[in-house]
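Structure file upload-v8.csv (CSV, C-alpha atoms) follows.
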```csv
chain,number,residue,atom,x,y,z
A,1,MET,CA,84.5,-36.0,46.7
A,2,LYS,CA,81.6,-34.6,48.8
A,3,SER,CA,81.9,-31.3,46.9
A,4,LYS,CA,81.5,-33.1,43.5
A,5,VAL,CA,78.4,-34.9,44.8
A,6,GLY,CA,76.9,-31.6,46.0
A,7,ILE,CA,77.5,-30.0,42.7
A,8,VAL,CA,75.8,-32.9,40.9
A,9,ILE,CA,72.8,-32.6,43.2
A,10,LEU,CA,72.6,-28.8,42.7
A,11,VAL,CA,72.7,-29.3,38.9
A,12,ALA,CA,70.0,-31.9,39.1
A,13,VAL,CA,67.8,-29.7,41.2
A,14,PHE,CA,68.4,-26.8,38.8
A,15,PHE,CA,67.3,-28.9,35.8
A,16,VAL,CA,64.2,-30.2,37.7
A,17,VAL,CA,63.2,-26.7,38.7
A,18,ALA,CA,63.9,-25.4,35.2
A,19,ARG,CA,61.9,-28.1,33.6
A,20,PHE,CA,59.0,-27.6,36.0
A,21,GLY,CA,59.1,-23.8,35.3
A,22,TYR,CA,59.1,-24.5,31.6
A,23,VAL,CA,56.2,-26.8,31.8
A,24,LYS,CA,54.2,-24.2,33.8
A,25,PHE,CA,55.2,-21.6,31.4
A,26,ALA,CA,54.1,-23.7,28.5
A,27,GLU,CA,50.8,-24.5,30.2
A,28,ASN,CA,50.3,-20.8,30.9
A,29,MET,CA,51.1,-19.9,27.3
A,30,SER,CA,48.8,-22.7,26.1
A,31,ALA,CA,45.9,-21.4,28.3
A,32,LYS,CA,46.4,-17.9,27.0
A,33,GLN,CA,46.5,-19.1,23.4
A,34,LYS,CA,43.4,-21.2,24.1
A,35,ALA,CA,41.6,-18.2,25.7
A,36,ALA,CA,42.7,-16.0,22.8
A,37,SER,CA,41.4,-18.5,20.3
A,38,MET,CA,38.0,-18.6,22.1
A,39,MET,CA,37.6,-14.8,21.9
A,40,PRO,CA,35.0,-13.7,19.5
A,41,MET,CA,36.5,-12.2,16.4
A,42,VAL,CA,34.8,-9.0,15.5
A,43,ALA,CA,35.2,-6.1,13.1
A,44,LEU,CA,34.4,-2.5,14.0
A,45,GLY,CA,32.3,-0.1,12.0
A,46,THR,CA,32.0,3.7,12.2
A,47,VAL,CA,28.7,5.5,12.7
A,48,GLU,CA,28.1,7.4,9.5
A,49,GLU,CA,25.8,10.2,8.5
A,50,ALA,CA,23.1,10.0,5.8
A,51,GLU,CA,20.7,12.5,4.3
A,52,ILE,CA,17.4,11.6,6.0
A,53,ALA,CA,13.9,13.0,5.5
A,54,ASN,CA,12.1,13.9,8.7
A,55,SER,CA,8.9,12.0,9.2
A,56,ILE,CA,5.8,11.9,11.4
A,57,GLU,CA,3.9,8.8,12.3
A,58,ALA,CA,0.1,8.4,12.8
A,59,SER,CA,-2.6,5.8,12.9
A,60,GLY,CA,-4.5,5.3,9.7
A,61,ARG,CA,-7.4,3.2,8.3
A,62,ILE,CA,-7.7,1.7,4.8
A,63,THR,CA,-10.8,2.7,2.8
A,64,ALA,CA,-11.9,1.8,-0.6
A,65,LYS,CA,-11.9,4.5,-3.3
A,66,TYR,CA,-15.3,3.2,-4.4
A,67,SER,CA,-17.7,1.3,-2.2
A,68,VAL,CA,-21.0,0.8,-4.1
A,69,ASP,CA,-24.2,-1.0,-3.2
A,70,VAL,CA,-25.6,-2.7,-6.3
A,71,VAL,CA,-29.4,-2.2,-6.4
A,72,ALA,CA,-32.2,-3.1,-8.9
A,73,LYS,CA,-33.6,-0.3,-11.1
A,74,VAL,CA,-36.6,-2.4,-12.2
A,75,SER,CA,-39.0,-4.8,-10.6
A,76,GLY,CA,-39.1,-8.5,-11.3
A,77,THR,CA,-38.0,-12.0,-10.4
A,78,LEU,CA,-34.3,-12.4,-9.8
A,79,GLU,CA,-33.5,-15.2,-12.2
A,80,ARG,CA,-29.8,-15.7,-12.1
A,81,LYS,CA,-26.5,-14.7,-10.4
A,82,HIS,CA,-23.4,-14.5,-12.7
A,83,PHE,CA,-20.5,-14.4,-10.2
A,84,THR,CA,-18.9,-16.1,-7.3
A,85,GLU,CA,-18.9,-14.3,-4.0
A,86,GLY,CA,-15.5,-12.8,-3.1
A,87,ASP,CA,-14.4,-12.6,-6.8
A,88,PHE,CA,-12.9,-9.6,-8.5
A,89,VAL,CA,-15.4,-8.1,-11.0
A,90,LYS,CA,-14.9,-5.5,-13.7
A,91,LYS,CA,-16.9,-2.4,-14.3
A,92,GLY,CA,-19.9,-3.2,-16.6
A,93,GLN,CA,-19.7,-7.0,-15.8
A,94,VAL,CA,-23.2,-8.6,-15.6
A,95,LEU,CA,-23.9,-9.6,-12.0
A,96,PHE,CA,-27.6,-10.5,-12.0
A,97,THR,CA,-30.4,-11.2,-14.5
A,98,ILE,CA,-34.0,-10.1,-13.7
A,99,ASP,CA,-36.9,-11.7,-15.6
A,100,PRO,CA,-36.9,-9.7,-18.9
A,101,ASN,CA,-40.2,-10.9,-20.4
A,102,THR,CA,-42.4,-8.0,-19.3
A,103,TYR,CA,-39.8,-5.5,-20.5
A,104,SER,CA,-39.3,-7.3,-23.8
A,105,ILE,CA,-43.0,-7.1,-24.5
A,106,ALA,CA,-43.0,-3.4,-23.7
A,107,VAL,CA,-40.1,-2.9,-26.2
A,108,ASN,CA,-42.0,-4.8,-29.0
A,109,LYS,CA,-45.1,-2.7,-28.3
A,110,ALA,CA,-43.2,0.5,-28.4
A,111,ALA,CA,-41.5,-0.5,-31.6
A,112,ALA,CA,-44.9,-1.2,-33.2
A,113,ASN,CA,-46.3,2.1,-32.0
A,114,LEU,CA,-43.3,3.9,-33.6
A,115,GLN,CA,-43.8,2.0,-36.9
A,116,ASN,CA,-47.5,3.0,-36.9
A,117,ALA,CA,-46.6,6.7,-36.1
A,118,ARG,CA,-44.2,6.7,-39.0
A,119,ALA,CA,-46.9,5.4,-41.4
A,120,VAL,CA,-49.4,7.9,-40.3
A,121,ALA,CA,-46.8,10.7,-40.6
A,122,GLU,CA,-45.9,9.5,-44.1
A,123,ARG,CA,-49.6,9.8,-45.2
A,124,ALA,CA,-50.0,13.1,-43.5
A,125,GLN,CA,-47.0,14.5,-45.3
A,126,LYS,CA,-48.4,13.5,-48.7
A,127,ASP,CA,-51.8,15.0,-47.9
A,128,TYR,CA,-50.0,18.2,-46.8
A,129,GLU,CA,-48.0,18.4,-50.0
A,130,ARG,CA,-51.2,17.9,-52.2
A,131,ALA,CA,-53.0,20.5,-50.2
A,132,LYS,CA,-50.1,23.0,-50.6
A,133,GLU,CA,-50.4,22.7,-54.4
A,134,LEU,CA,-54.2,22.9,-54.4
A,135,VAL,CA,-54.4,26.0,-52.1
A,136,ALA,CA,-51.9,27.8,-54.4
A,137,ASN,CA,-54.4,27.5,-57.3
A,138,ASP,CA,-57.5,28.2,-55.1
A,139,TYR,CA,-58.9,24.7,-55.6
A,140,ILE,CA,-59.4,24.2,-51.9
A,141,ALA,CA,-60.1,26.4,-49.0
A,142,LYS,CA,-57.3,27.8,-46.9
A,143,SER,CA,-58.8,26.1,-43.8
A,144,THR,CA,-58.4,22.7,-45.5
A,145,TYR,CA,-54.8,23.4,-46.1
A,146,ASP,CA,-54.3,24.5,-42.5
A,147,GLN,CA,-55.9,21.3,-41.3
A,148,ASN,CA,-53.5,19.2,-43.4
A,149,LEU,CA,-50.6,21.2,-42.1
A,150,ALA,CA,-51.7,20.6,-38.5
A,151,ASP,CA,-52.2,16.9,-39.1
A,152,ARG,CA,-48.7,16.6,-40.6
A,153,ASN,CA,-47.1,18.4,-37.6
A,154,VAL,CA,-49.1,16.2,-35.2
A,155,ALA,CA,-47.9,13.1,-37.0
A,156,ILE,CA,-44.3,14.2,-36.8
A,157,ALA,CA,-44.7,14.9,-33.0
A,158,ASN,CA,-46.2,11.4,-32.6
A,159,ILE,CA,-43.1,9.9,-34.2
A,160,LYS,CA,-40.9,11.7,-31.6
A,161,SER,CA,-43.1,10.5,-28.8
A,162,ALA,CA,-43.2,6.9,-30.0
A,163,SER,CA,-39.4,7.0,-30.4
A,164,ALA,CA,-38.9,8.2,-26.9
A,165,GLU,CA,-41.2,5.5,-25.6
A,166,LEU,CA,-39.2,2.9,-27.4
A,167,SER,CA,-35.9,4.3,-26.0
A,168,ASP,CA,-37.4,4.2,-22.5
A,169,ALA,CA,-38.7,0.6,-23.0
A,170,LYS,CA,-35.2,-0.4,-24.1
A,171,ARG,CA,-33.6,1.3,-21.1
A,172,LEU,CA,-35.9,-0.6,-18.7
A,173,LEU,CA,-35.1,-3.8,-20.5
A,174,SER,CA,-31.4,-3.1,-20.2
A,175,TYR,CA,-31.8,-2.8,-16.4
A,176,THR,CA,-32.8,-6.4,-16.2
A,177,LYS,CA,-29.1,-7.0,-16.7
A,178,VAL,CA,-27.7,-5.7,-13.4
A,179,VAL,CA,-24.1,-4.8,-14.0
A,180,SER,CA,-21.2,-3.8,-11.7
A,181,PRO,CA,-20.8,0.0,-11.5
A,182,VAL,CA,-17.1,-0.3,-10.6
A,183,SER,CA,-14.2,-2.7,-10.7
A,184,GLY,CA,-13.3,-4.4,-7.4
A,185,ARG,CA,-14.0,-7.2,-5.1
A,186,ILE,CA,-17.6,-8.3,-4.7
A,187,GLY,CA,-19.1,-9.3,-1.3
A,188,MET,CA,-21.8,-11.7,-0.1
A,189,VAL,CA,-25.2,-11.8,-1.9
A,190,ASN,CA,-28.1,-10.3,0.1
A,191,VAL,CA,-30.9,-11.6,-2.1
A,192,THR,CA,-30.9,-15.0,-3.8
A,193,GLU,CA,-32.4,-16.2,-7.0
A,194,GLY,CA,-36.1,-16.6,-7.2
A,195,ASN,CA,-37.0,-13.6,-5.1
A,196,TYR,CA,-39.2,-10.8,-6.5
A,197,ILE,CA,-37.2,-7.6,-6.2
A,198,THR,CA,-37.9,-3.9,-6.6
A,199,ALA,CA,-35.9,-0.7,-6.4
A,200,GLN,CA,-36.9,-0.6,-2.7
A,201,THR,CA,-35.4,-4.0,-2.0
A,202,GLY,CA,-32.1,-2.4,-1.2
A,203,SER,CA,-28.6,-3.7,-1.8
A,204,LEU,CA,-28.3,-6.9,-3.7
A,205,VAL,CA,-24.5,-7.0,-3.1
A,206,ARG,CA,-21.7,-4.6,-2.4
A,207,VAL,CA,-18.6,-4.0,-4.6
A,208,VAL,CA,-15.5,-2.3,-3.2
A,209,SER,CA,-12.6,-1.1,-5.3
A,210,VAL,CA,-9.1,-2.3,-4.3
A,211,ASP,CA,-6.6,-0.7,-6.7
A,212,PRO,CA,-5.9,2.1,-6.1
A,213,ILE,CA,-6.9,2.4,-2.5
A,214,TYR,CA,-7.1,5.2,0.1
A,215,VAL,CA,-5.6,5.4,3.6
A,216,ASN,CA,-7.3,8.1,5.8
A,217,TYR,CA,-5.7,9.4,9.0
A,218,SER,CA,-5.6,12.6,11.0
A,219,LEU,CA,-2.9,14.7,12.7
A,220,ASP,CA,-3.2,17.0,15.7
A,221,SER,CA,-2.4,20.7,15.2
A,222,LYS,CA,1.1,20.3,16.6
A,223,GLN,CA,2.0,17.6,14.1
A,224,PHE,CA,0.3,19.6,11.4
A,225,ASN,CA,2.5,22.6,12.2
A,226,GLN,CA,5.6,20.4,12.2
A,227,LEU,CA,4.7,19.3,8.7
A,228,ARG,CA,4.4,22.9,7.5
A,229,ASN,CA,7.6,23.9,9.2
A,230,ASP,CA,9.5,21.0,7.6
A,231,THR,CA,8.1,21.9,4.1
A,232,ILE,CA,6.2,18.6,3.9
A,233,LEU,CA,3.0,20.4,3.0
A,234,PRO,CA,2.8,21.4,-0.7
A,235,THR,CA,3.3,25.1,-1.5
A,236,VAL,CA,2.7,27.2,-4.6
A,237,GLN,CA,6.3,26.7,-5.6
A,238,GLN,CA,6.5,23.0,-4.6
A,239,ASN,CA,5.0,20.4,-6.8
A,240,GLU,CA,7.1,17.5,-5.6
A,241,PRO,CA,4.8,14.6,-4.4
A,242,ILE,CA,4.7,13.9,-0.7
A,243,ARG,CA,6.0,10.4,0.2
A,244,VAL,CA,3.9,8.3,2.6
A,245,GLN,CA,4.9,4.9,3.9
A,246,LEU,CA,2.7,2.2,5.5
A,247,THR,CA,3.5,-0.3,8.2
A,248,LEU,CA,1.1,-3.3,8.2
A,249,PRO,CA,-0.5,-4.8,11.3
A,250,ASP,CA,2.2,-7.6,11.3
A,251,GLY,CA,5.0,-5.0,11.5
A,252,THR,CA,6.2,-5.3,7.8
A,253,VAL,CA,6.6,-2.2,5.7
A,254,TYR,CA,4.3,-2.1,2.6
A,255,LYS,CA,6.4,-2.3,-0.5
A,256,TYR,CA,4.7,0.5,-2.3
A,257,ASP,CA,4.9,4.1,-1.2
A,258,GLY,CA,1.8,6.3,-1.5
A,259,ASP,CA,1.2,9.9,-2.4
A,260,GLU,CA,-0.5,12.4,-0.2
A,261,ASP,CA,-3.5,13.8,-2.2
A,262,PHE,CA,-5.8,15.4,0.3
A,263,PHE,CA,-5.5,17.8,3.2
A,264,GLY,CA,-8.5,19.0,5.1
A,265,ASN,CA,-9.3,22.7,5.0
A,266,GLU,CA,-9.8,23.1,8.7
A,267,ILE,CA,-8.9,21.7,12.1
A,268,SER,CA,-11.8,20.1,13.9
A,269,GLN,CA,-13.1,22.0,16.9
A,270,THR,CA,-14.0,18.8,18.7
A,271,THR,CA,-10.9,16.7,18.1
A,272,GLY,CA,-8.3,19.3,17.4
A,273,SER,CA,-7.1,17.3,14.4
A,274,ILE,CA,-7.1,17.7,10.6
A,275,ALA,CA,-8.0,15.0,8.1
A,276,LEU,CA,-5.5,13.8,5.5
A,277,ARG,CA,-5.5,11.1,2.9
A,278,ALA,CA,-3.0,9.2,0.8
A,279,THR,CA,-3.4,7.0,-2.2
A,280,PHE,CA,-1.6,3.7,-2.7
A,281,LYS,CA,-1.2,1.1,-5.4
A,282,ASN,CA,-2.7,-2.2,-4.4
A,283,PRO,CA,-2.3,-4.7,-7.3
A,284,GLU,CA,-2.0,-7.8,-5.1
A,285,GLY,CA,-4.9,-6.8,-2.9
A,286,VAL,CA,-2.7,-6.8,0.2
A,287,LEU,CA,-4.4,-3.7,1.6
A,288,VAL,CA,-8.0,-4.5,2.8
A,289,PRO,CA,-10.6,-1.8,3.4
A,290,GLY,CA,-11.3,-1.3,7.0
A,291,ASP,CA,-7.9,-2.5,8.3
A,292,PHE,CA,-5.8,-0.3,10.6
A,293,VAL,CA,-2.2,0.6,9.6
A,294,LYS,CA,0.6,2.9,10.7
A,295,VAL,CA,1.2,5.9,8.4
A,296,ARG,CA,4.6,7.7,8.1
A,297,ILE,CA,4.8,10.9,6.2
A,298,PHE,CA,8.3,12.0,4.9
A,299,SER,CA,9.4,15.6,4.4
A,300,ASN,CA,10.8,16.7,1.1
A,301,THR,CA,13.6,18.4,3.0
A,302,LYS,CA,16.4,16.1,4.2
A,303,HIS,CA,18.7,16.4,7.2
A,304,LYS,CA,22.0,14.7,8.1
A,305,LYS,CA,21.5,12.1,10.8
A,306,PRO,CA,23.6,9.2,12.2
A,307,VAL,CA,22.8,5.7,10.9
A,308,VAL,CA,23.9,2.2,11.9
A,309,PRO,CA,23.3,-1.1,10.0
A,310,GLN,CA,20.3,-3.0,11.3
A,311,SER,CA,22.5,-6.2,11.3
A,312,ALA,CA,24.7,-4.6,14.1
A,313,VAL,CA,21.7,-3.7,16.3
A,314,LEU,CA,20.4,-6.1,19.0
A,315,GLN,CA,17.3,-5.8,21.2
A,316,ASP,CA,16.3,-6.9,24.7
A,317,SER,CA,13.6,-5.9,27.1
A,318,THR,CA,15.2,-2.6,27.7
A,319,GLY,CA,15.4,-1.6,24.0
A,320,ARG,CA,17.8,-1.6,21.1
A,321,TYR,CA,21.5,-1.5,21.6
A,322,VAL,CA,24.9,-1.9,19.9
A,323,TYR,CA,28.2,-3.1,21.2
A,324,THR,CA,31.2,-0.8,21.5
A,325,VAL,CA,34.7,-1.7,22.7
A,326,ASP,CA,36.6,-0.1,25.6
A,327,GLY,CA,40.3,0.4,25.9
A,328,GLU,CA,40.9,-3.2,27.0
A,329,ASN,CA,38.9,-4.7,24.2
A,330,ASN,CA,35.9,-5.5,26.4
A,331,ALA,CA,32.5,-5.4,24.8
A,332,VAL,CA,30.3,-2.6,26.1
A,333,PRO,CA,26.6,-2.4,25.2
A,334,VAL,CA,25.3,1.1,24.3
A,335,TYR,CA,21.5,1.5,24.1
A,336,ILE,CA,20.2,3.7,21.3
A,337,THR,CA,16.9,5.3,20.4
A,338,THR,CA,15.9,5.0,16.7
A,339,GLU,CA,13.6,7.0,14.6
A,340,GLY,CA,12.7,5.0,11.6
A,341,GLU,CA,14.7,3.2,8.9
A,342,ASP,CA,16.8,4.2,5.9
A,343,GLY,CA,17.2,1.2,3.7
A,344,ASP,CA,19.2,-1.5,5.7
A,345,ASN,CA,20.1,1.1,8.4
A,346,PHE,CA,18.4,2.4,11.5
A,347,VAL,CA,18.3,6.1,11.9
A,348,VAL,CA,19.8,7.0,15.4
A,349,LYS,CA,18.1,9.6,17.4
A,350,GLU,CA,20.0,9.2,20.7
A,351,GLY,CA,22.9,7.1,22.0
A,352,LEU,CA,25.5,7.4,19.2
A,353,ASN,CA,27.2,10.2,17.3
A,354,PRO,CA,28.8,10.3,13.9
A,355,GLY,CA,32.3,8.8,14.1
A,356,ASP,CA,31.7,6.5,17.0
A,357,LYS,CA,33.0,3.0,16.7
A,358,PHE,CA,30.8,-0.1,17.2
A,359,ILE,CA,31.0,-3.8,16.5
A,360,ASN,CA,29.7,-4.3,13.0
A,361,TYR,CA,30.6,-8.0,12.4
A,362,GLY,CA,30.5,-11.0,14.8
A,363,VAL,CA,28.0,-9.2,17.1
A,364,ILE,CA,26.0,-12.4,17.7
A,365,GLN,CA,28.9,-14.1,19.5
A,366,VAL,CA,29.6,-11.1,21.8
A,367,ARG,CA,28.7,-11.0,25.4
A,368,ALA,CA,28.6,-7.9,27.6
A,369,GLY,CA,31.9,-7.4,29.4
A,370,ALA,CA,33.7,-10.2,27.5
A,371,LYS,CA,36.9,-9.6,25.7
A,372,VAL,CA,36.9,-9.6,21.9
A,373,LYS,CA,39.5,-9.9,19.2
A,374,ILE,CA,39.4,-7.1,16.7
A,375,MET,CA,40.1,-8.3,13.2
A,376,SER,CA,42.3,-6.4,10.8
A,377,ASP,CA,41.0,-5.7,7.3
A,378,GLU,CA,43.0,-8.6,5.9
A,379,GLU,CA,41.5,-11.0,8.5
A,380,MET,CA,38.1,-9.7,7.8
A,381,LYS,CA,38.4,-10.3,4.1
A,382,ALA,CA,39.8,-13.8,4.7
A,383,LYS,CA,36.9,-14.6,7.1
A,384,LEU,CA,34.3,-13.4,4.6
A,385,GLN,CA,36.0,-15.3,1.7
A,386,GLN,CA,36.0,-18.5,3.9
A,387,GLN,CA,32.3,-18.1,4.5
A,388,GLU,CA,31.6,-17.7,0.8
A,389,GLU,CA,33.5,-20.8,-0.3
A,390,PRO,CA,31.3,-23.8,-1.0
A,391,LYS,CA,31.6,-26.7,1.4
A,392,GLU,CA,32.8,-30.0,0.0
A,393,GLU,CA,30.2,-32.8,0.2
```
For this file, write the structure as structure tokens.
Amino acid sequence: MKSKVGIVILVAVFFVVARFGYVKFAENMSAKQKAASMMPMVALGTVEEAEIANSIEASGRITAKYSVDVVAKVSGTLERKHFTEGDFVKKGQVLFTIDPNTYSIAVNKAAANLQNARAVAERAQKDYERAKELVANDYIAKSTYDQNLADRNVAIANIKSASAELSDAKRLLSYTKVVSPVSGRIGMVNVTEGNYITAQTGSLVRVVSVDPIYVNYSLDSKQFNQLRNDTILPTVQQNEPIRVQLTLPDGTVYKYDGDEDFFGNEISQTTGSIALRATFKNPEGVLVPGDFVKVRIFSNTKHKKPVVPQSAVLQDSTGRYVYTVDGENNAVPVYITTEGEDGDNFVVKEGLNPGDKFINYGVIQVRAGAKVKIMSDEEMKAKLQQQEEPKEE
């Protein structure tokens, strides 16, 4: 009887222990499943190579192609201003009106003098023609004929002189309409209506052109030689335009590329640098004369260089970095040095080599040293498809 009771007790203990072990096992499995579900799901990418043009960066300054001070060419009272300060004006547009009365009178007087000269010349021509007939028949002396001929020639010369005076008077009258010499943005007025002005008054207003626009910069002799060695500089056999890119003061890249159109003919003995200039389109007026920008010149010869998507690159106080994965699926940061951009990619100078693996998707959720779950291609497609599906309201 005692042996049966012992057996029952042993069986009961076995079941208790087994149940406790199962519960612990289930709890451990649940904890592992929970930990696995909390792991960031990531996808790996491979560092690829791209054909990249070498480039050199320098500081540049924006300058207007034309910067013109508008001055008066005649004297008079400034009657009216025909523009709003800061507006865009076109070449030939009237900017100011100077009192034209004095010059209108001069035009009328010159026109009258021309009319009188023509009348005198007409009479002199007739006298000359009569004298020519009479001297042929010896009815008048040869000296009388010579006098009529001289009077006719003087009259013709007076017509030319009076015509020139009329043209000059009209020219001066036209100067009472002060027009813009170039198209561009107009500045603040220096002389207001009602003032008496002369040619010595100086600038009435300044007009600067904005489209196209120049960017001037300089390179030291070392950089200049690098340009030549990388076939950036034009040669006799090379007519391909040289691509130039701008980075604005706020860090954004200007959407239009420029063309290099000027290289200095000597290196300065004082600064050891050579002057260069590029021309850019500026239809929206984004580039403002006098502003400072970063200039990047690209070679026409391309080289294979590693690139990584910008979306996979993070940055902290140390610099830019990407996450790689070690043998135990732990995230490992790898700092990289970049040298410019190529579309949506960073060009890698140091830190990664072609073929290296890095976390390309899910990088925002990754922490250094933490485990990650690497998704398969099927899981990646499902994840992306789930993100693209519209949410039900």
Handout entry: For atom CA of Gly187 of chain A and atom CA of Asp250 of chain A, the interatomic separation in Å (one decimal)
Key =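 Atom CA of Asp250 of chain A lies at a distance of 24.8 Å from atom CA of Gly187 of chain A.
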Go through segment 155-209 of chain A residue by residue and, counting all atoms listed in the file, keep those with an atom at most 12 Å from segment 289-298 of chain A; for each kept residue give the shortest atom pair and its distance in Å to one decimal, ordered by chain and increasing number, as JSON lines.
```
{"residue": "A:Gly184", "atom": "CA", "partner": "A:Pro289", "partner_atom": "CA", "distance": 11.4}
{"residue": "A:Arg185", "atom": "CA", "partner": "A:Pro289", "partner_atom": "CA", "distance": 10.6}
{"residue": "A:Val207", "atom": "CA", "partner": "A:Pro289", "partner_atom": "CA", "distance": 11.5}
{"residue": "A:Val208", "atom": "CA", "partner": "A:Pro289", "partner_atom": "CA", "distance": 8.2}
{"residue": "A:Ser209", "atom": "CA", "partner": "A:Pro289", "partner_atom": "CA", "distance": 9.0}
```
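Using only C-alpha atoms, the nearest neighbour of Val348 of chain A within the list A:Val322, A:Ile267, A:Val74, A:Val210 is A:Val322.
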Practice task
Considering only C-alpha atoms, state which residue in the set A:Ala112, A:Val135, A:Ile186, A:Ile62 is at the smallest distance from Leu95 of chain A.
Solution key: A:Ile186
Practice task
Go through A:Thr337, A:Thr198, A:Thr270, A:Thr63 one by one, measure the shortest atom-to-atom distance of each to Val288 of chain A using all atoms listed in the file, and give the residue with the smallest value.
Solution key: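 Among the listed residues, the smallest separation from Val288 of chain A belongs to A:Thr63.
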Practice task
Please indicate the distance in Å from atom CA of Phe88 of chain A to atom CA of Tyr214 of chain A, rounded to one decimal place.
Solution key: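 Between these atoms lies a distance of 18.1 Å.
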Practice task
Tell me which protein, DNA and RNA residues are within 10 Å of Lys305 of chain A, counting all atoms listed in the file, leaving out same-chain ones fewer than 5 positions away, and put them as JSON, numbers by chain.
Solution key: {"A": [47, 48, 49, 50, 51, 52, 53, 54, 347, 348, 349, 353, 354]}
Problem - Å distance separating atom CA of Val68 of chain A from atom CA of Glu193 of chain A, one decimal place - result: 20.7 Å
Handout entry: Distance query segment 113-123 of chain A at most 8 Å, all atoms listed in the file, self and fewer than 5 positions along chain excluded, as a PyMOL selection string
Key = chain A and resi 152+155-156+158-159+162-163+166
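Distances from A:Lys357, A:Arg320, A:Arg367, A:Arg277 to Gly45 of chain A were compared using all atoms listed in the file, and the smallest one belongs to A:Lys357.
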